[in-house]
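Heads up: the structure comes next, in structure tokens.
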Amino acid sequence: MAVYLDHAATTPMLPEAISAYVSAMAVVGNPASVHSQGQNAKRLLEEAREQVALSLGSDPIEIVFTGGGTEAINLGIKGLYWARRPRTRILVPGGEHHATMDTVEWLEQYEGAVVEWLPLDSVGRIDLAAVERSIAANPHDIALITLLSANNEVGTLQPVAEVAALAAAHDIPVHVDAVAAYGHVPIDFRALNDGGASAVSVSAHKIGGPVGIGALVLSRRASVVPLLHGGGQQRQVRSGTQDVAAAVAFAVAATALGDDLSGENARVAALRDRLVAGVRAAVPAVIVNGDPDAGGRLPGTAHFSFPGCEGDSLLFLLDVAGISVSTGSACQAGVPEPSHVLRAMGRSEVEARGALRITLGRTSTEADVDALLAAVPAAHARAARAGLADRVPGR
């Protein structure tokens, strides 16, 4: 039986979200139409917006539905940047998700942005002193700051409130990529917004909703230039006919997070801690990446470096044993390069090439951990014999 331990890439869709999705797909009507069928579709859409807003501590009008987390991040970063012209500097920590990295590099190449990469410490957390220095150097030229809420590879939680407070003192907008954190740590947009954050990006498929829908939580006070132009839907921030069925399923998944997030987090964290201890016992040389304090990282994330091994080799060997894990972000899967997150944390190329990410979620069980721990010794032995393959840089 297959064991799924790659919940950070995507987590199984909730049965109740699937049921709601299928039912809503049978609803006829464009939510922008004024006739009764269109207004029925609009009612479903707006009720879904209310439920998603409730899960994020925001007002419904601040929820801008997008085609996923990547679009939300692009809209948040590009939209804020364009609205802040002629300011050109963007402050970005190293080790961000590629949706952020590729977006700011595109702005640098085509829109005149000046991207300033901020250092991470050895556990993958942004250096607040460096943020303060960068702001102090010239606060009036900064278009925005963007950062993860929790690192999507090693799981380290970031000091979002502290960064937002530093930015707020100079009226600098902050975009937060909370795609990896949503559903695992509480997100209170009102508190973040009061503290200086302008926008937060999330994605439905990370919490048991469908792929293909996400949201940018955008403050009423924030100004963005839209990526898409057309019908002027959603405060004219994101034009286009909205996907009612996907929004309904998203809302069901968001509602299912419920009030017992801490209880589920504790269950998953206990599984993760047992997994980490077991891998350490099986492979004493293994390096555990991320914050060593369990309270400083996502509850379901275990990230390792296996010295002398290729992460890809371990992944394929575990896959043959029926266990699904990853070497990092699924958005970079198949790209044979060392983990850019570990490199930003100051790790060697050897450590970065031997990375393996194991992530647990709602469906994870003790039996899943048992299966992984039973398979690790043989997989590691074979991967260690194969060693590090010679690779041509850039290929």
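Please note that chains go A, B, ... in the order of the structure tokens, that every chain numbers its residues from 1, and that ligands are numbered from 1 in the order shown.
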
I'd like to know which residues of stretch 199-261 of chain A are helix (DSSP H, G or I) (by DSSP, run on the backbone); could you write them as a PyMOL selection string?
chain A and resi 204-206+244-256+261

Output file for the residues above (C-alpha atoms, as a PDB file, in the first residue's frame):
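In the end it all went to part_24.pdb:
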```pdb
ATOM      1  CA  ALA A 204      -6.697  25.820  -1.565  1.00  0.00           C
ATOM      2  CA  HIS A 205      -4.960  22.554  -2.454  1.00  0.00           C
ATOM      3  CA  LYS A 206      -2.632  22.844   0.536  1.00  0.00           C
ATOM      4  CA  VAL A 244     -17.941  29.208  -8.256  1.00  0.00           C
ATOM      5  CA  ALA A 245     -17.511  25.452  -7.824  1.00  0.00           C
ATOM      6  CA  ALA A 246     -13.824  25.757  -6.911  1.00  0.00           C
ATOM      7  CA  ALA A 247     -14.615  28.576  -4.473  1.00  0.00           C
ATOM      8  CA  VAL A 248     -17.307  26.454  -2.805  1.00  0.00           C
ATOM      9  CA  ALA A 249     -14.895  23.518  -2.407  1.00  0.00           C
ATOM     10  CA  PHE A 250     -12.180  25.889  -1.144  1.00  0.00           C
ATOM     11  CA  ALA A 251     -14.625  27.173   1.472  1.00  0.00           C
ATOM     12  CA  VAL A 252     -15.479  23.654   2.641  1.00  0.00           C
ATOM     13  CA  ALA A 253     -11.773  22.893   3.143  1.00  0.00           C
ATOM     14  CA  ALA A 254     -11.248  26.221   4.919  1.00  0.00           C
ATOM     15  CA  THR A 255     -14.200  25.560   7.221  1.00  0.00           C
ATOM     16  CA  ALA A 256     -12.903  22.061   7.996  1.00  0.00           C
ATOM     17  CA  LEU A 261      -6.044  23.533  14.698  1.00  0.00           C
TER      18      LEU A 261
END
```

Surrounding residues of stretch 108-117 of chain A excluding itself and chain neighbours under 6 positions, 6 Å, only C-alpha atoms, as a PyMOL selection string:
chain A and resi 88-94

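Each of A:Val286, A:Ala384, A:Ala367, A:Ala72 was checked against A:Glu351 using only C-alpha atoms; the smallest atom-to-atom distance is that of A:Val286.
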
Who sits within 8 Å of A:Glu50, only C-alpha atoms, same chain under 3 positions skipped, as JSON, numbers by chain
{"A": [46, 47, 53, 54, 59, 60]}

Could those residues be written to a file, using all heavy atoms, as an mmCIF file, in the first residue's frame?
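The resulting file, result22.cif, is reproduced below:
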```
data_model
loop_
_atom_site.group_PDB
_atom_site.id
_atom_site.type_symbol
_atom_site.label_atom_id
_atom_site.label_comp_id
_atom_site.auth_asym_id
_atom_site.auth_seq_id
_atom_site.Cartn_x
_atom_site.Cartn_y
_atom_site.Cartn_z
ATOM 1 N N GLU A 46 -20.307 34.212 -2.893
ATOM 2 C CA GLU A 46 -20.072 35.136 -1.787
ATOM 3 C C GLU A 46 -20.124 34.432 -0.431
ATOM 4 O O GLU A 46 -19.402 34.821 0.498
ATOM 5 C CB GLU A 46 -21.057 36.300 -1.847
ATOM 6 C CG GLU A 46 -20.893 37.175 -3.094
ATOM 7 C CD GLU A 46 -19.456 37.619 -3.336
ATOM 8 O OE1 GLU A 46 -18.743 37.930 -2.366
ATOM 9 O OE2 GLU A 46 -19.033 37.631 -4.512
ATOM 10 N N GLU A 47 -20.953 33.401 -0.321
ATOM 11 C CA GLU A 47 -20.935 32.604 0.914
ATOM 12 C C GLU A 47 -19.590 31.899 1.064
ATOM 13 O O GLU A 47 -19.049 31.800 2.174
ATOM 14 C CB GLU A 47 -22.072 31.584 0.891
ATOM 15 C CG GLU A 47 -23.447 32.214 1.103
ATOM 16 C CD GLU A 47 -24.574 31.204 0.964
ATOM 17 O OE1 GLU A 47 -24.304 30.045 0.585
ATOM 18 O OE2 GLU A 47 -25.740 31.581 1.235
ATOM 19 N N ALA A 53 -12.710 33.858 4.204
ATOM 20 C CA ALA A 53 -12.297 35.033 4.990
ATOM 21 C C ALA A 53 -12.266 34.700 6.476
ATOM 22 O O ALA A 53 -11.345 35.108 7.198
ATOM 23 C CB ALA A 53 -13.240 36.200 4.722
ATOM 24 N N LEU A 54 -13.260 33.941 6.933
ATOM 25 C CA LEU A 54 -13.317 33.582 8.347
ATOM 26 C C LEU A 54 -12.089 32.773 8.751
ATOM 27 O O LEU A 54 -11.535 32.963 9.841
ATOM 28 C CB LEU A 54 -14.595 32.783 8.619
ATOM 29 C CG LEU A 54 -14.930 32.482 10.080
ATOM 30 C CD1 LEU A 54 -15.180 33.782 10.852
ATOM 31 C CD2 LEU A 54 -16.161 31.577 10.155
ATOM 32 N N ASP A 59 -11.859 40.393 6.299
ATOM 33 C CA ASP A 59 -13.194 40.715 5.818
ATOM 34 C C ASP A 59 -13.396 40.048 4.460
ATOM 35 O O ASP A 59 -12.438 39.926 3.677
ATOM 36 C CB ASP A 59 -13.372 42.228 5.677
ATOM 37 C CG ASP A 59 -13.316 42.939 7.024
ATOM 38 O OD1 ASP A 59 -13.630 42.290 8.048
ATOM 39 O OD2 ASP A 59 -12.953 44.126 7.042
ATOM 40 N N PRO A 60 -14.627 39.624 4.144
ATOM 41 C CA PRO A 60 -14.851 38.961 2.845
ATOM 42 C C PRO A 60 -14.385 39.783 1.648
ATOM 43 O O PRO A 60 -13.842 39.228 0.686
ATOM 44 C CB PRO A 60 -16.368 38.748 2.828
ATOM 45 C CG PRO A 60 -16.745 38.618 4.273
ATOM 46 C CD PRO A 60 -15.832 39.588 4.991
#
```

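Residue nearest A:Asn193 within the list A:Val320, A:Ser239, A:Ala161, A:Leu356: A:Ala161 [criterion: smallest interatomic distance, only C-alpha atoms].
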
Would you mind listing what lies within 7 Å of A:Gly214 as a PyMOL selection string, with only C-alpha atoms counted and same-chain residues fewer than 6 positions away left out?
chain A and resi 65-69+72+202-204

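Counting only C-alpha atoms and comparing A:Ile63, A:Leu144, A:Leu75, A:Ala270, the residue that lies closest to A:Leu228 is A:Leu75.
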
Could I get the residues of stretch 92-187 of chain A with an atom no further than 7 Å from an atom of stretch 83-87 of chain A, each paired with its nearest atom pair and that distance in Å to one decimal, using only C-alpha atoms, sorted by chain and residue number, as CSV?
```
residue,atom,partner,partner_atom,distance
A:Asp141,CA,A:Arg87,CA,4.7
A:Ile142,CA,A:Arg87,CA,5.7
A:Ala143,CA,A:Arg87,CA,5.0
```

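Checking A:Gly196, A:Pro210, A:Gly346, A:Val376 one by one against A:Gly278, counting only C-alpha atoms, you find the shortest gap at A:Val376.
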
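We find atom CA of A:Leu314 and atom CA of A:Leu373 to be spaced 13.0 Å apart.
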
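Residues lying within 7 Å of A:Leu148, counting only C-alpha atoms and ignoring same-chain neighbours fewer than 3 positions away, are Glu96, Asn151, Gln158, Val176, Asp177 and Ala178 of chain A.
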
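In this model, the gap between atom CA of A:Gln234 and atom CA of A:Ala169 comes to 29.3 Å.
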
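With only C-alpha atoms as the atoms that count, the residue of A:Asp260, A:Asp243, A:Glu337, A:Asp102 with the shortest distance to A:Pro31 is A:Asp243.
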
Contacts of A:Met1 within 10 Å, only C-alpha atoms, excl. fewer than 6 positions in-chain, as a PyMOL selection string:
chain A and resi 321-323+368+371

List every residue of stretch 51-191 of chain A that DSSP, applied to the backbone of this structure, assigns to strand (DSSP E), and report them as a ChimeraX atom specification.
/A:63-66,89-93,114-118,142-148,174-177

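Of the listed residues A:Ala20, A:Leu157, A:Val163, A:Ala379, the one whose atoms come nearest to A:Tyr182 is A:Leu157, with distances taken using only C-alpha atoms.
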
Could you list, as a PDB file with all heavy atoms, in the first residue's frame, every residue within 6 Å of stretch 216-221 of chain A, counting only C-alpha atoms and ignoring same-chain residues fewer than 3 positions away?
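In the end it all went to out11.pdb:
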```
ATOM      1  N   GLU A  62     -11.929  41.510   1.332  1.00  0.00           N
ATOM      2  CA  GLU A  62     -10.469  41.463   1.185  1.00  0.00           C
ATOM      3  C   GLU A  62      -9.983  40.166   0.528  1.00  0.00           C
ATOM      4  O   GLU A  62      -8.798  40.043   0.236  1.00  0.00           O
ATOM      5  CB  GLU A  62      -9.814  41.620   2.558  1.00  0.00           C
ATOM      6  CG  GLU A  62     -10.057  43.005   3.162  1.00  0.00           C
ATOM      7  CD  GLU A  62      -9.531  43.148   4.578  1.00  0.00           C
ATOM      8  OE1 GLU A  62      -9.777  42.243   5.399  1.00  0.00           O
ATOM      9  OE2 GLU A  62      -8.873  44.176   4.865  1.00  0.00           O
ATOM     10  N   ILE A  63     -10.881  39.217   0.292  1.00  0.00           N
ATOM     11  CA  ILE A  63     -10.518  37.962  -0.357  1.00  0.00           C
ATOM     12  C   ILE A  63     -10.640  38.119  -1.871  1.00  0.00           C
ATOM     13  O   ILE A  63     -11.734  38.318  -2.409  1.00  0.00           O
ATOM     14  CB  ILE A  63     -11.415  36.805   0.115  1.00  0.00           C
ATOM     15  CG1 ILE A  63     -11.277  36.583   1.622  1.00  0.00           C
ATOM     16  CG2 ILE A  63     -11.104  35.523  -0.656  1.00  0.00           C
ATOM     17  CD1 ILE A  63      -9.908  36.103   2.056  1.00  0.00           C
ATOM     18  N   VAL A  64      -9.520  38.022  -2.560  1.00  0.00           N
ATOM     19  CA  VAL A  64      -9.498  38.074  -4.022  1.00  0.00           C
ATOM     20  C   VAL A  64      -9.151  36.668  -4.502  1.00  0.00           C
ATOM     21  O   VAL A  64      -8.011  36.207  -4.354  1.00  0.00           O
ATOM     22  CB  VAL A  64      -8.461  39.087  -4.538  1.00  0.00           C
ATOM     23  CG1 VAL A  64      -8.441  39.099  -6.067  1.00  0.00           C
ATOM     24  CG2 VAL A  64      -8.758  40.486  -3.992  1.00  0.00           C
ATOM     25  N   ALA A  72      -1.600  34.345  -6.988  1.00  0.00           N
ATOM     26  CA  ALA A  72      -1.766  35.258  -5.855  1.00  0.00           C
ATOM     27  C   ALA A  72      -0.457  35.960  -5.523  1.00  0.00           C
ATOM     28  O   ALA A  72      -0.428  37.171  -5.263  1.00  0.00           O
ATOM     29  CB  ALA A  72      -2.290  34.486  -4.639  1.00  0.00           C
ATOM     30  N   SER A 198       0.236  44.143   4.080  1.00  0.00           N
ATOM     31  CA  SER A 198      -0.799  44.586   3.156  1.00  0.00           C
ATOM     32  C   SER A 198      -1.494  43.447   2.432  1.00  0.00           C
ATOM     33  O   SER A 198      -2.655  43.581   2.018  1.00  0.00           O
ATOM     34  CB  SER A 198      -0.198  45.525   2.097  1.00  0.00           C
ATOM     35  OG  SER A 198       0.350  46.674   2.687  1.00  0.00           O
ATOM     36  N   ALA A 199      -0.799  42.326   2.243  1.00  0.00           N
ATOM     37  CA  ALA A 199      -1.343  41.247   1.423  1.00  0.00           C
ATOM     38  C   ALA A 199      -0.773  39.907   1.858  1.00  0.00           C
ATOM     39  O   ALA A 199       0.393  39.813   2.256  1.00  0.00           O
ATOM     40  CB  ALA A 199      -1.033  41.501  -0.052  1.00  0.00           C
ATOM     41  N   VAL A 200      -1.612  38.865   1.771  1.00  0.00           N
ATOM     42  CA  VAL A 200      -1.211  37.501   2.119  1.00  0.00           C
ATOM     43  C   VAL A 200      -1.716  36.567   1.025  1.00  0.00           C
ATOM     44  O   VAL A 200      -2.878  36.641   0.626  1.00  0.00           O
ATOM     45  CB  VAL A 200      -1.799  37.068   3.484  1.00  0.00           C
ATOM     46  CG1 VAL A 200      -1.544  35.590   3.739  1.00  0.00           C
ATOM     47  CG2 VAL A 200      -1.209  37.914   4.614  1.00  0.00           C
ATOM     48  N   SER A 201      -0.846  35.684   0.552  1.00  0.00           N
ATOM     49  CA  SER A 201      -1.215  34.719  -0.479  1.00  0.00           C
ATOM     50  C   SER A 201      -1.418  33.333   0.114  1.00  0.00           C
ATOM     51  O   SER A 201      -0.618  32.888   0.944  1.00  0.00           O
ATOM     52  CB  SER A 201      -0.121  34.646  -1.557  1.00  0.00           C
ATOM     53  OG  SER A 201      -0.023  35.860  -2.263  1.00  0.00           O
TER      54      SER A 201
END
```
